[in-house]
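Coordinates from data_30.cif are shown below (mmCIF, C-alpha atoms).
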```cif
data_structure
loop_
_atom_site.label_atom_id
_atom_site.label_comp_id
_atom_site.auth_asym_id
_atom_site.auth_seq_id
_atom_site.Cartn_x
_atom_site.Cartn_y
_atom_site.Cartn_z
CA VAL A 56 -81.89 21.44 -49.97
CA GLU A 57 -84.12 20.57 -47.01
CA LYS A 58 -83.27 16.88 -47.37
CA VAL A 59 -79.52 17.60 -47.23
CA LYS A 60 -80.08 19.93 -44.27
CA ALA A 61 -81.86 17.09 -42.44
CA ILE A 62 -78.98 14.68 -43.22
CA ILE A 63 -76.43 17.21 -41.89
CA LYS A 64 -78.38 17.60 -38.65
CA ARG A 65 -79.12 13.88 -38.21
CA HIS A 66 -75.46 12.87 -38.51
CA ASN A 67 -74.08 16.07 -36.93
CA LEU A 68 -71.93 16.65 -40.03
CA ILE A 69 -71.41 20.40 -39.60
CA LYS A 70 -71.30 22.38 -36.36
CA PRO A 71 -71.82 26.15 -36.02
CA LYS A 72 -68.84 28.39 -36.93
CA GLU A 73 -66.90 25.55 -38.61
CA ILE A 74 -64.99 26.03 -41.87
CA VAL A 75 -65.97 23.46 -44.49
CA ILE A 76 -63.78 22.73 -47.53
CA LEU A 77 -65.83 21.44 -50.45
CA GLY A 78 -64.01 19.52 -53.18
CA VAL A 79 -65.60 20.54 -56.51
CA SER A 80 -64.60 18.74 -59.70
CA GLY A 81 -67.09 20.59 -61.87
CA GLY A 82 -69.27 17.50 -62.33
CA ALA A 83 -73.00 17.29 -61.55
CA ASP A 84 -72.72 15.98 -57.96
CA SER A 85 -70.12 18.44 -56.64
CA VAL A 86 -71.68 21.43 -58.42
CA ALA A 87 -75.09 20.58 -56.91
CA LEU A 88 -73.51 20.27 -53.47
CA ALA A 89 -71.78 23.65 -53.91
CA TYR A 90 -75.13 25.36 -54.50
CA ILE A 91 -76.81 23.46 -51.65
CA LEU A 92 -74.10 24.14 -49.04
CA ASN A 93 -73.86 27.77 -50.14
CA HIS A 94 -77.61 28.05 -49.50
CA LEU A 95 -77.27 26.39 -46.07
CA LYS A 96 -74.18 28.21 -44.79
CA LYS A 97 -76.20 31.06 -43.25
CA PRO A 98 -79.00 29.05 -41.60
CA LEU A 99 -76.47 26.48 -40.26
CA ASN A 100 -73.87 29.17 -39.46
CA PHE A 101 -70.73 27.78 -41.12
CA LYS A 102 -68.14 29.05 -43.62
CA LEU A 103 -67.61 27.44 -47.03
CA HIS A 104 -64.36 27.18 -49.03
CA ILE A 105 -64.30 25.60 -52.50
CA ALA A 106 -61.21 23.62 -53.57
CA HIS A 107 -60.31 22.14 -56.96
CA LEU A 108 -57.40 19.90 -57.93
CA ASP A 109 -56.50 19.85 -61.62
CA HIS A 110 -55.15 16.32 -62.22
CA ALA A 111 -53.81 17.26 -65.68
CA LEU A 112 -55.06 13.91 -66.98
CA ARG A 113 -57.28 15.27 -69.77
CA GLU A 114 -57.08 18.11 -72.28
CA VAL A 115 -60.21 19.74 -70.82
CA SER A 116 -58.87 19.81 -67.25
CA LYS A 117 -57.79 23.47 -67.51
CA LYS A 118 -61.25 24.45 -68.74
CA GLU A 119 -62.83 22.57 -65.81
CA ALA A 120 -60.56 24.44 -63.38
CA VAL A 121 -61.69 27.77 -64.90
CA PHE A 122 -65.33 26.62 -64.67
CA VAL A 123 -65.01 25.85 -60.92
CA LYS A 124 -63.16 29.12 -60.30
CA THR A 125 -66.00 31.02 -62.03
CA LEU A 126 -68.56 29.05 -60.02
CA ALA A 127 -66.87 29.98 -56.72
CA LYS A 128 -66.79 33.63 -57.79
CA ARG A 129 -70.49 33.54 -58.71
CA LEU A 130 -71.36 32.06 -55.31
CA ASN A 131 -68.99 34.52 -53.58
CA VAL A 132 -67.13 31.65 -51.88
CA PRO A 133 -63.32 31.58 -51.23
CA PHE A 134 -61.51 29.34 -53.74
CA THR A 135 -58.22 27.43 -53.89
CA LEU A 136 -56.83 25.77 -57.03
CA ARG A 137 -53.86 23.45 -57.39
CA ARG A 138 -52.51 21.56 -60.41
CA ILE A 139 -50.65 18.25 -60.18
CA ASP A 140 -49.53 16.11 -63.12
CA ILE A 141 -50.72 12.74 -61.78
CA LYS A 142 -48.94 10.72 -64.49
CA LYS A 143 -45.57 12.06 -63.32
CA LEU A 144 -46.10 11.00 -59.70
CA PRO A 145 -43.87 8.07 -58.59
CA GLY A 146 -45.23 4.76 -57.31
CA LYS A 147 -46.89 1.60 -58.59
CA PHE A 148 -50.46 2.68 -57.81
CA SER A 149 -53.08 2.95 -60.55
CA VAL A 150 -53.86 6.39 -62.00
CA GLU A 151 -57.20 6.34 -60.11
CA GLU A 152 -55.45 5.66 -56.78
CA LYS A 153 -52.77 8.29 -57.40
CA ALA A 154 -55.43 10.86 -58.27
CA ARG A 155 -57.47 10.02 -55.16
CA ASN A 156 -54.41 10.18 -52.87
CA ALA A 157 -53.26 13.48 -54.43
CA ARG A 158 -56.74 14.97 -54.03
CA PHE A 159 -57.02 14.08 -50.33
CA GLY A 160 -53.44 15.21 -49.71
CA PHE A 161 -54.33 18.58 -51.25
CA PHE A 162 -57.52 18.85 -49.15
CA LEU A 163 -55.70 17.98 -45.90
CA THR A 164 -52.90 20.47 -46.57
CA LEU A 165 -55.45 23.19 -47.34
CA ALA A 166 -57.46 22.30 -44.19
CA LYS A 167 -54.39 22.88 -42.01
CA LYS A 168 -53.59 26.13 -43.84
CA ILE A 169 -57.04 27.72 -43.39
CA ASN A 170 -57.86 25.94 -40.11
CA ALA A 171 -60.82 24.06 -41.61
CA ASN A 172 -62.73 21.52 -39.53
CA LYS A 173 -64.43 19.51 -42.28
CA ILE A 174 -63.82 18.35 -45.84
CA ALA A 175 -67.03 17.72 -47.81
CA THR A 176 -67.20 15.41 -50.81
CA ALA A 177 -70.17 14.79 -53.12
CA HIS A 178 -70.49 10.99 -52.80
CA ASN A 179 -74.12 9.99 -53.22
CA PHE A 180 -76.49 7.00 -52.87
CA ASN A 181 -75.42 5.49 -56.22
CA ASP A 182 -71.71 5.82 -55.36
CA GLN A 183 -72.37 3.87 -52.16
CA ALA A 184 -74.12 1.03 -54.02
CA GLU A 185 -71.28 0.87 -56.55
CA THR A 186 -68.60 0.88 -53.82
CA VAL A 187 -70.22 -1.95 -51.84
CA LEU A 188 -70.57 -4.09 -54.99
CA MET A 189 -66.96 -3.38 -56.04
CA ARG A 190 -65.64 -4.46 -52.64
CA LEU A 191 -67.88 -7.53 -52.60
CA ILE A 192 -66.45 -8.63 -55.97
CA ARG A 193 -62.84 -7.98 -54.94
CA GLY A 194 -63.32 -9.66 -51.56
CA SER A 195 -64.01 -7.78 -48.37
CA GLY A 196 -64.63 -8.11 -44.66
CA LEU A 197 -67.13 -6.23 -42.54
CA GLU A 198 -65.21 -2.92 -42.61
CA GLY A 199 -65.00 -2.91 -46.42
CA LEU A 200 -68.68 -3.76 -46.84
CA ALA A 201 -69.54 -0.67 -44.77
CA GLY A 202 -68.56 1.26 -47.90
CA ILE A 203 -68.69 5.04 -47.65
CA VAL A 204 -69.76 6.45 -44.29
CA PRO A 205 -71.44 9.86 -43.72
CA ILE A 206 -68.52 11.07 -41.58
CA ARG A 207 -65.00 9.75 -41.01
CA LYS A 208 -61.90 11.23 -39.44
CA ILE A 209 -58.83 11.27 -41.71
CA GLY A 210 -55.58 12.98 -40.75
CA GLY A 211 -57.17 14.94 -37.91
CA VAL A 212 -59.94 16.35 -40.13
CA SER A 213 -63.47 14.94 -40.57
CA VAL A 214 -64.52 14.03 -44.11
CA ILE A 215 -68.29 14.42 -44.56
CA ARG A 216 -70.70 13.24 -47.28
CA PRO A 217 -73.91 15.33 -47.13
CA LEU A 218 -75.29 13.78 -50.35
CA LEU A 219 -74.83 10.15 -49.30
CA MET A 220 -78.57 9.45 -48.94
CA ILE A 221 -79.45 11.34 -52.16
CA LYS A 222 -79.93 9.41 -55.41
CA ARG A 223 -78.20 10.52 -58.61
CA ARG A 224 -81.52 11.12 -60.38
CA GLU A 225 -82.54 13.54 -57.56
CA ILE A 226 -79.29 15.48 -58.05
CA GLU A 227 -79.78 15.66 -61.82
CA SER A 228 -83.39 16.80 -61.31
CA PHE A 229 -82.24 19.54 -58.90
CA LEU A 230 -79.72 20.84 -61.45
CA LYS A 231 -82.24 20.73 -64.30
CA ARG A 232 -84.99 22.51 -62.32
CA ASN A 233 -82.62 25.27 -61.29
CA ARG A 234 -80.93 25.49 -64.72
CA ILE A 235 -77.50 24.95 -63.21
CA LYS A 236 -74.69 24.13 -65.63
CA PHE A 237 -71.96 21.57 -64.90
CA CYS A 238 -69.09 19.83 -66.68
CA ILE A 239 -69.51 16.40 -68.27
CA ASP A 240 -66.49 14.14 -67.81
CA LYS A 241 -66.38 11.84 -70.86
CA SER A 242 -64.02 9.46 -69.02
CA ASN A 243 -67.03 8.45 -66.87
CA ARG A 244 -68.31 6.56 -69.93
CA SER A 245 -65.04 4.70 -70.45
CA LYS A 246 -65.23 0.98 -69.64
CA ILE A 247 -61.47 0.88 -68.91
CA TYR A 248 -62.16 1.76 -65.27
CA PHE A 249 -63.53 -0.87 -62.89
CA ARG A 250 -66.12 1.45 -61.29
CA ASN A 251 -67.44 2.47 -64.71
CA ARG A 252 -67.91 -1.18 -65.69
CA ILE A 253 -69.85 -1.72 -62.46
CA ARG A 254 -72.00 1.37 -63.12
CA LEU A 255 -72.55 0.96 -66.86
CA LEU A 256 -72.64 -2.83 -67.29
CA LEU A 257 -73.07 -4.90 -64.13
CA LEU A 258 -75.59 -2.87 -62.10
CA PRO A 259 -78.02 -2.40 -65.04
CA TYR A 260 -77.75 -6.16 -65.76
CA LEU A 261 -78.48 -7.06 -62.12
CA GLU A 262 -81.39 -4.61 -62.05
CA LYS A 263 -82.90 -6.08 -65.20
CA ARG A 264 -82.32 -9.79 -64.54
CA TYR A 265 -82.18 -10.27 -60.77
CA ASN A 266 -83.39 -7.40 -58.57
CA LYS A 267 -84.83 -4.07 -59.75
CA ASN A 268 -83.98 -2.64 -56.32
CA ILE A 269 -80.35 -3.86 -56.31
CA LYS A 270 -78.96 -0.37 -55.54
CA GLU A 271 -81.20 -0.08 -52.48
CA ALA A 272 -80.18 -3.59 -51.35
CA LEU A 273 -76.47 -2.75 -51.68
CA PHE A 274 -76.92 0.61 -49.95
CA ASN A 275 -78.72 -1.04 -47.03
CA LEU A 276 -76.01 -3.71 -46.81
CA GLY A 277 -73.45 -0.91 -46.47
CA LEU A 278 -75.46 0.75 -43.68
CA SER A 279 -75.95 -2.54 -41.84
CA ALA A 280 -72.27 -3.55 -42.11
CA GLY A 281 -71.23 -0.06 -41.01
CA SER A 282 -73.46 -0.18 -37.92
CA ASP A 283 -72.14 -3.63 -36.96
CA TYR A 284 -68.52 -2.62 -37.47
CA ASP A 285 -68.92 0.60 -35.45
CA TYR A 286 -70.56 -1.36 -32.61
CA LEU A 287 -67.71 -3.90 -32.53
CA LYS A 288 -65.11 -1.11 -32.52
CA SER A 289 -66.79 0.82 -29.70
CA SER A 290 -67.30 -2.39 -27.68
CA MET A 291 -63.64 -3.32 -28.04
CA ARG A 292 -62.53 0.18 -26.98
CA HIS A 293 -64.74 -0.12 -23.89
CA LEU A 294 -63.38 -3.57 -23.01
CA LEU A 295 -59.75 -2.51 -23.39
CA LYS A 296 -60.12 0.80 -21.54
CA GLY A 297 -57.57 0.85 -18.71
CA ASN A 298 -56.43 -2.66 -19.66
CA LYS A 299 -52.75 -3.22 -20.49
CA THR A 300 -53.58 -6.17 -22.73
CA ARG A 301 -53.03 -5.46 -26.42
CA LEU A 302 -53.94 -7.49 -29.45
CA SER A 303 -51.82 -7.76 -32.60
#
```
Structure translated into structure tokens:
Amino acid sequence: VEKVKAIIKRHNLIKPKEIVILGVSGGADSVALAYILNHLKKPLNFKLHIAHLDHALREVSKKEAVFVKTLAKRLNVPFTLRRIDIKKLPGKFSVEEKARNARFGFFLTLAKKINANKIATAHNFNDQAETVLMRLIRGSGLEGLAGIVPIRKIGGVSVIRPLLMIKRREIESFLKRNRIKFCIDKSNRSKIYFRNRIRLLLLPYLEKRYNKNIKEALFNLGLSAGSDYDYLKSSMRHLLKGNKTRLS
């Protein structure tokens, strides 16, 4: 809890009196973040609102929605639920992309409705390493290698990641020590999805055969690329300020 509090303060993720929407899937990461932010809302003086989108992709999705609703009630935090059948959505995007777009669309709509300032997601250290490696394999420039950033403005609302510097094993240890229950998504073990193949097959292989600290190396690459990209953006804004010249 103190580590997350320090991250929030260091990156100025949450300001006093703000309303923070937390997306909770019911999985380990988001459930841990729900308990942590609920603990910090008084000392940091902000309001918390839990949101859950039922993607209707699996048979257990309704049970997960009930689990998150019960969690919000236990923590005495306002809760909003919405159900969207992702498979019925039009477009040529993959199911993963459709689900991600629908989730953020739901969060942004809710943010406008309740006048929220921030949307918190439970991306962690391991997610960052996986994202950087995925983009490296697919081909990426400096912006893509920056991976997930602690705070980014999307649609007029800031998306924050308070767990970004926290490793998955720390999150699991926190849940175990505090005897906190969470849902286990069996699809996370499926090798159909690209990210799961990175997590379950490639990263363990790289750790064993090439670099035992590969996750740290990838995480640091993301931080370094992010710092460079932010510097270039701010420098360009400064150079073009008051200048009529525009670049395509």
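When you apply the PyMOL selection byres ((chain A and resi 117) around 12) to this structure, what comes back is Ser80, Gly81, His107, Leu108, Asp109, His110, Ala111, Leu112, Arg113, Glu114, Val115, Ser116, Lys118, Glu119, Ala120, Val121, Phe122, Val123, Lys124, Leu136, Arg137, Arg138, Ile139, Asp140 and Cys238 of chain A.
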Assuming the chain letters and numbering stay as they are in my file, what does the PyMOL selection byres ((chain A and resi 82) around 12) actually select? List them as number ranges by chain. A: 78-81, 83-89, 107, 116, 119-120, 122-123, 126, 176-178, 223, 226-227, 230, 235-243
Any chance you could work out the residue set of the PyMOL selection byres ((chain A and resi 188-190) around 9) here, as a PDB file with C-alpha atoms, keeping the file's coordinate frame?
```
ATOM      1  CA  GLN A 183     -72.370   3.870 -52.160  1.00  0.00           C
ATOM      2  CA  ALA A 184     -74.120   1.030 -54.020  1.00  0.00           C
ATOM      3  CA  GLU A 185     -71.280   0.870 -56.550  1.00  0.00           C
ATOM      4  CA  THR A 186     -68.600   0.880 -53.820  1.00  0.00           C
ATOM      5  CA  VAL A 187     -70.220  -1.950 -51.840  1.00  0.00           C
ATOM      6  CA  LEU A 191     -67.880  -7.530 -52.600  1.00  0.00           C
ATOM      7  CA  ILE A 192     -66.450  -8.630 -55.970  1.00  0.00           C
ATOM      8  CA  ARG A 193     -62.840  -7.980 -54.940  1.00  0.00           C
ATOM      9  CA  GLY A 194     -63.320  -9.660 -51.560  1.00  0.00           C
ATOM     10  CA  SER A 195     -64.010  -7.780 -48.370  1.00  0.00           C
ATOM     11  CA  GLY A 196     -64.630  -8.110 -44.660  1.00  0.00           C
ATOM     12  CA  GLY A 199     -65.000  -2.910 -46.420  1.00  0.00           C
ATOM     13  CA  LEU A 200     -68.680  -3.760 -46.840  1.00  0.00           C
ATOM     14  CA  GLY A 202     -68.560   1.260 -47.900  1.00  0.00           C
ATOM     15  CA  PHE A 249     -63.530  -0.870 -62.890  1.00  0.00           C
ATOM     16  CA  ARG A 250     -66.120   1.450 -61.290  1.00  0.00           C
ATOM     17  CA  ILE A 253     -69.850  -1.720 -62.460  1.00  0.00           C
ATOM     18  CA  LEU A 258     -75.590  -2.870 -62.100  1.00  0.00           C
ATOM     19  CA  LEU A 273     -76.470  -2.750 -51.680  1.00  0.00           C
TER      20      LEU A 273
END
```
Taking all atoms of region 184-203 of chain A that the file lists, what box with edges along x, y and z, padded by 6 Å per side, do you get, with centre and edge lengths in Å to one decimal, as JSON?
```
{"center_x": -68.5, "center_y": -2.3, "center_z": -49.5, "size_x": 23.3, "size_y": 26.7, "size_z": 26.0}
```
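Straight-line separation from CA of Glu73 (chain A) to CA of Phe134 (chain A): 16.5 Å.
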Write out as an mmCIF file with C-alpha atoms, in the coordinates of the input the residues lying within 12 Å of Ala272 (chain A), counting all atoms listed in the file and excluding same-chain residues fewer than 2 positions away.
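Now in selection-v7.cif:
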```
data_model
loop_
_atom_site.group_PDB
_atom_site.id
_atom_site.type_symbol
_atom_site.label_atom_id
_atom_site.label_comp_id
_atom_site.auth_asym_id
_atom_site.auth_seq_id
_atom_site.Cartn_x
_atom_site.Cartn_y
_atom_site.Cartn_z
ATOM 1 C CA PHE A 180 -76.490 7.000 -52.870
ATOM 2 C CA ASN A 181 -75.420 5.490 -56.220
ATOM 3 C CA GLN A 183 -72.370 3.870 -52.160
ATOM 4 C CA ALA A 184 -74.120 1.030 -54.020
ATOM 5 C CA GLU A 185 -71.280 0.870 -56.550
ATOM 6 C CA VAL A 187 -70.220 -1.950 -51.840
ATOM 7 C CA LEU A 188 -70.570 -4.090 -54.990
ATOM 8 C CA LEU A 258 -75.590 -2.870 -62.100
ATOM 9 C CA LEU A 261 -78.480 -7.060 -62.120
ATOM 10 C CA GLU A 262 -81.390 -4.610 -62.050
ATOM 11 C CA TYR A 265 -82.180 -10.270 -60.770
ATOM 12 C CA ASN A 266 -83.390 -7.400 -58.570
ATOM 13 C CA LYS A 267 -84.830 -4.070 -59.750
ATOM 14 C CA ASN A 268 -83.980 -2.640 -56.320
ATOM 15 C CA ILE A 269 -80.350 -3.860 -56.310
ATOM 16 C CA LYS A 270 -78.960 -0.370 -55.540
ATOM 17 C CA PHE A 274 -76.920 0.610 -49.950
ATOM 18 C CA ASN A 275 -78.720 -1.040 -47.030
ATOM 19 C CA LEU A 276 -76.010 -3.710 -46.810
ATOM 20 C CA GLY A 277 -73.450 -0.910 -46.470
ATOM 21 C CA LEU A 278 -75.460 0.750 -43.680
ATOM 22 C CA SER A 279 -75.950 -2.540 -41.840
#
```
List as a tab-separated table every residue of region 65-162 of chain A that is in contact with region 204-217 of chain A, defined as an atom at most 10 Å from one of its atoms (using all atoms listed in the file), together with the nearest atom pair and the distance in Å rounded to one decimal, sorted by chain and then rising number.
```
residue	atom	partner	partner_atom	distance
A:His66	CA	A:Pro205	CA	7.2
A:Asn67	CA	A:Ile206	CA	8.8
A:Leu68	CA	A:Ile215	CA	6.2
A:Ile69	CA	A:Ile215	CA	8.4
A:Val75	CA	A:Ile215	CA	9.3
A:Ile76	CA	A:Val214	CA	9.4
A:Leu77	CA	A:Ile215	CA	9.5
A:Leu88	CA	A:Pro217	CA	8.0
A:Ile91	CA	A:Pro217	CA	9.7
A:Leu92	CA	A:Pro217	CA	9.0
A:Phe159	CA	A:Ile209	CA	9.2
A:Gly160	CA	A:Gly210	CA	9.5
A:Phe162	CA	A:Val212	CA	9.7
```
I'd like the interatomic distance between CA of His94 (chain A) and CA of Thr135 (chain A), to a tenth of an Å.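 Value for the CA of His94 (chain A)-CA of Thr135 (chain A) distance: 19.9 Å.
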Could you state the separation of CA of Lys58 (chain A) and CA of Leu130 (chain A) in Å, given to one decimal place?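 Taking CA of Lys58 (chain A) as the start and CA of Leu130 (chain A) as the end point, the length is 20.9 Å.
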So that I can check the surroundings of Ala280 (chain A), please list as a ChimeraX atom specification every protein, DNA and RNA residue that reaches within 8 Å of it, counting all atoms listed in the file and ignoring chain neighbours fewer than 6 positions away. /A:197-198,200-201
Of the listed residues A:Ile141, A:Ala61, A:Ser149, A:Arg234, that which approaches Tyr248 (chain A) most closely, counting only C-alpha atoms: A:Ser149
With all atoms listed in the file as the basis for distance, which of A:Ala171, A:Ala127, A:Leu294, A:Met220 is at the shortest distance from Lys70 (chain A)?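 The answer is A:Ala171, which sits nearest to Lys70 (chain A).
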Using only C-alpha atoms, find the one residue out of A:Ile74, A:Ile203, A:Ile247, A:Leu99 that sits nearest to Ile169 (chain A). A:Ile74
Starting from the block above, write region 255-265 of chain A out to a file with all heavy atoms, as an mmCIF file, in the first residue's frame, please.
```cif
data_model
loop_
_atom_site.group_PDB
_atom_site.id
_atom_site.type_symbol
_atom_site.label_atom_id
_atom_site.label_comp_id
_atom_site.auth_asym_id
_atom_site.auth_seq_id
_atom_site.Cartn_x
_atom_site.Cartn_y
_atom_site.Cartn_z
ATOM 1 N N LEU A 255 3.491 -17.041 -21.363
ATOM 2 C CA LEU A 255 3.623 -18.437 -20.949
ATOM 3 C C LEU A 255 4.772 -19.182 -21.622
ATOM 4 O O LEU A 255 5.316 -20.128 -21.050
ATOM 5 C CB LEU A 255 2.313 -19.185 -21.229
ATOM 6 C CG LEU A 255 1.051 -18.627 -20.548
ATOM 7 C CD1 LEU A 255 -0.185 -19.350 -21.063
ATOM 8 C CD2 LEU A 255 1.157 -18.738 -19.042
ATOM 9 N N LEU A 256 5.145 -18.753 -22.838
ATOM 10 C CA LEU A 256 6.160 -19.494 -23.589
ATOM 11 C C LEU A 256 7.462 -18.717 -23.795
ATOM 12 O O LEU A 256 8.539 -19.184 -23.414
ATOM 13 C CB LEU A 256 5.593 -19.902 -24.955
ATOM 14 C CG LEU A 256 4.341 -20.781 -24.947
ATOM 15 C CD1 LEU A 256 3.828 -21.001 -26.361
ATOM 16 C CD2 LEU A 256 4.617 -22.115 -24.265
ATOM 17 N N LEU A 257 7.355 -17.530 -24.404
ATOM 18 C CA LEU A 257 8.572 -16.820 -24.820
ATOM 19 C C LEU A 257 9.359 -16.225 -23.650
ATOM 20 O O LEU A 257 10.580 -16.412 -23.563
ATOM 21 C CB LEU A 257 8.223 -15.731 -25.833
ATOM 22 C CG LEU A 257 9.418 -14.972 -26.444
ATOM 23 C CD1 LEU A 257 10.435 -15.937 -27.044
ATOM 24 C CD2 LEU A 257 8.940 -13.977 -27.494
ATOM 25 N N LEU A 258 8.683 -15.503 -22.747
ATOM 26 C CA LEU A 258 9.409 -14.880 -21.630
ATOM 27 C C LEU A 258 10.113 -15.911 -20.732
ATOM 28 O O LEU A 258 11.285 -15.727 -20.391
ATOM 29 C CB LEU A 258 8.468 -13.996 -20.810
ATOM 30 C CG LEU A 258 8.332 -12.550 -21.300
ATOM 31 C CD1 LEU A 258 7.245 -11.819 -20.532
ATOM 32 C CD2 LEU A 258 9.648 -11.793 -21.200
ATOM 33 N N PRO A 259 9.435 -17.016 -20.360
ATOM 34 C CA PRO A 259 10.137 -18.031 -19.558
ATOM 35 C C PRO A 259 11.350 -18.609 -20.294
ATOM 36 O O PRO A 259 12.382 -18.890 -19.670
ATOM 37 C CB PRO A 259 9.070 -19.121 -19.340
ATOM 38 C CG PRO A 259 7.779 -18.380 -19.433
ATOM 39 C CD PRO A 259 7.994 -17.334 -20.490
ATOM 40 N N TYR A 260 11.224 -18.782 -21.634
ATOM 41 C CA TYR A 260 12.340 -19.309 -22.434
ATOM 42 C C TYR A 260 13.514 -18.333 -22.428
ATOM 43 O O TYR A 260 14.667 -18.724 -22.245
ATOM 44 C CB TYR A 260 11.859 -19.556 -23.875
ATOM 45 C CG TYR A 260 12.927 -20.091 -24.793
ATOM 46 C CD1 TYR A 260 13.279 -21.444 -24.780
ATOM 47 C CD2 TYR A 260 13.598 -19.238 -25.678
ATOM 48 C CE1 TYR A 260 14.266 -21.936 -25.621
ATOM 49 C CE2 TYR A 260 14.593 -19.722 -26.517
ATOM 50 C CZ TYR A 260 14.919 -21.074 -26.490
ATOM 51 O OH TYR A 260 15.907 -21.547 -27.314
ATOM 52 N N LEU A 261 13.221 -17.041 -22.617
ATOM 53 C CA LEU A 261 14.268 -16.019 -22.613
ATOM 54 C C LEU A 261 14.929 -15.907 -21.240
ATOM 55 O O LEU A 261 16.147 -15.718 -21.139
ATOM 56 C CB LEU A 261 13.693 -14.659 -23.032
ATOM 57 C CG LEU A 261 13.216 -14.546 -24.487
ATOM 58 C CD1 LEU A 261 12.512 -13.215 -24.714
ATOM 59 C CD2 LEU A 261 14.396 -14.692 -25.453
ATOM 60 N N GLU A 262 14.114 -16.034 -20.199
ATOM 61 C CA GLU A 262 14.656 -15.987 -18.828
ATOM 62 C C GLU A 262 15.612 -17.153 -18.571
ATOM 63 O O GLU A 262 16.675 -16.980 -17.967
ATOM 64 C CB GLU A 262 13.506 -16.057 -17.806
ATOM 65 C CG GLU A 262 12.879 -14.727 -17.475
ATOM 66 C CD GLU A 262 11.769 -14.841 -16.450
ATOM 67 O OE1 GLU A 262 11.001 -15.819 -16.506
ATOM 68 O OE2 GLU A 262 11.665 -13.942 -15.611
ATOM 69 N N LYS A 263 15.233 -18.314 -19.043
ATOM 70 C CA LYS A 263 16.013 -19.523 -18.781
ATOM 71 C C LYS A 263 17.279 -19.593 -19.633
ATOM 72 O O LYS A 263 18.354 -19.950 -19.143
ATOM 73 C CB LYS A 263 15.141 -20.758 -19.053
ATOM 74 C CG LYS A 263 15.801 -22.073 -18.658
ATOM 75 C CD LYS A 263 14.856 -23.244 -18.890
ATOM 76 C CE LYS A 263 15.529 -24.560 -18.506
ATOM 77 N NZ LYS A 263 14.617 -25.715 -18.727
ATOM 78 N N ARG A 264 17.168 -19.214 -20.913
ATOM 79 C CA ARG A 264 18.272 -19.409 -21.850
ATOM 80 C C ARG A 264 19.152 -18.167 -22.076
ATOM 81 O O ARG A 264 20.314 -18.308 -22.443
ATOM 82 C CB ARG A 264 17.723 -19.866 -23.202
ATOM 83 C CG ARG A 264 17.032 -21.221 -23.201
ATOM 84 C CD ARG A 264 18.017 -22.356 -22.919
ATOM 85 N NE ARG A 264 17.398 -23.652 -23.057
ATOM 86 C CZ ARG A 264 17.425 -24.392 -24.160
ATOM 87 N NH1 ARG A 264 18.014 -23.915 -25.237
ATOM 88 N NH2 ARG A 264 16.852 -25.577 -24.188
ATOM 89 N N TYR A 265 18.596 -16.975 -21.918
ATOM 90 C CA TYR A 265 19.337 -15.783 -22.340
ATOM 91 C C TYR A 265 19.578 -14.739 -21.245
ATOM 92 O O TYR A 265 20.682 -14.211 -21.125
ATOM 93 C CB TYR A 265 18.610 -15.115 -23.523
ATOM 94 C CG TYR A 265 18.663 -15.948 -24.778
ATOM 95 C CD1 TYR A 265 17.634 -16.843 -25.075
ATOM 96 C CD2 TYR A 265 19.746 -15.890 -25.644
ATOM 97 C CE1 TYR A 265 17.675 -17.639 -26.212
ATOM 98 C CE2 TYR A 265 19.813 -16.682 -26.786
ATOM 99 C CZ TYR A 265 18.769 -17.553 -27.069
ATOM 100 O OH TYR A 265 18.831 -18.338 -28.180
#
```
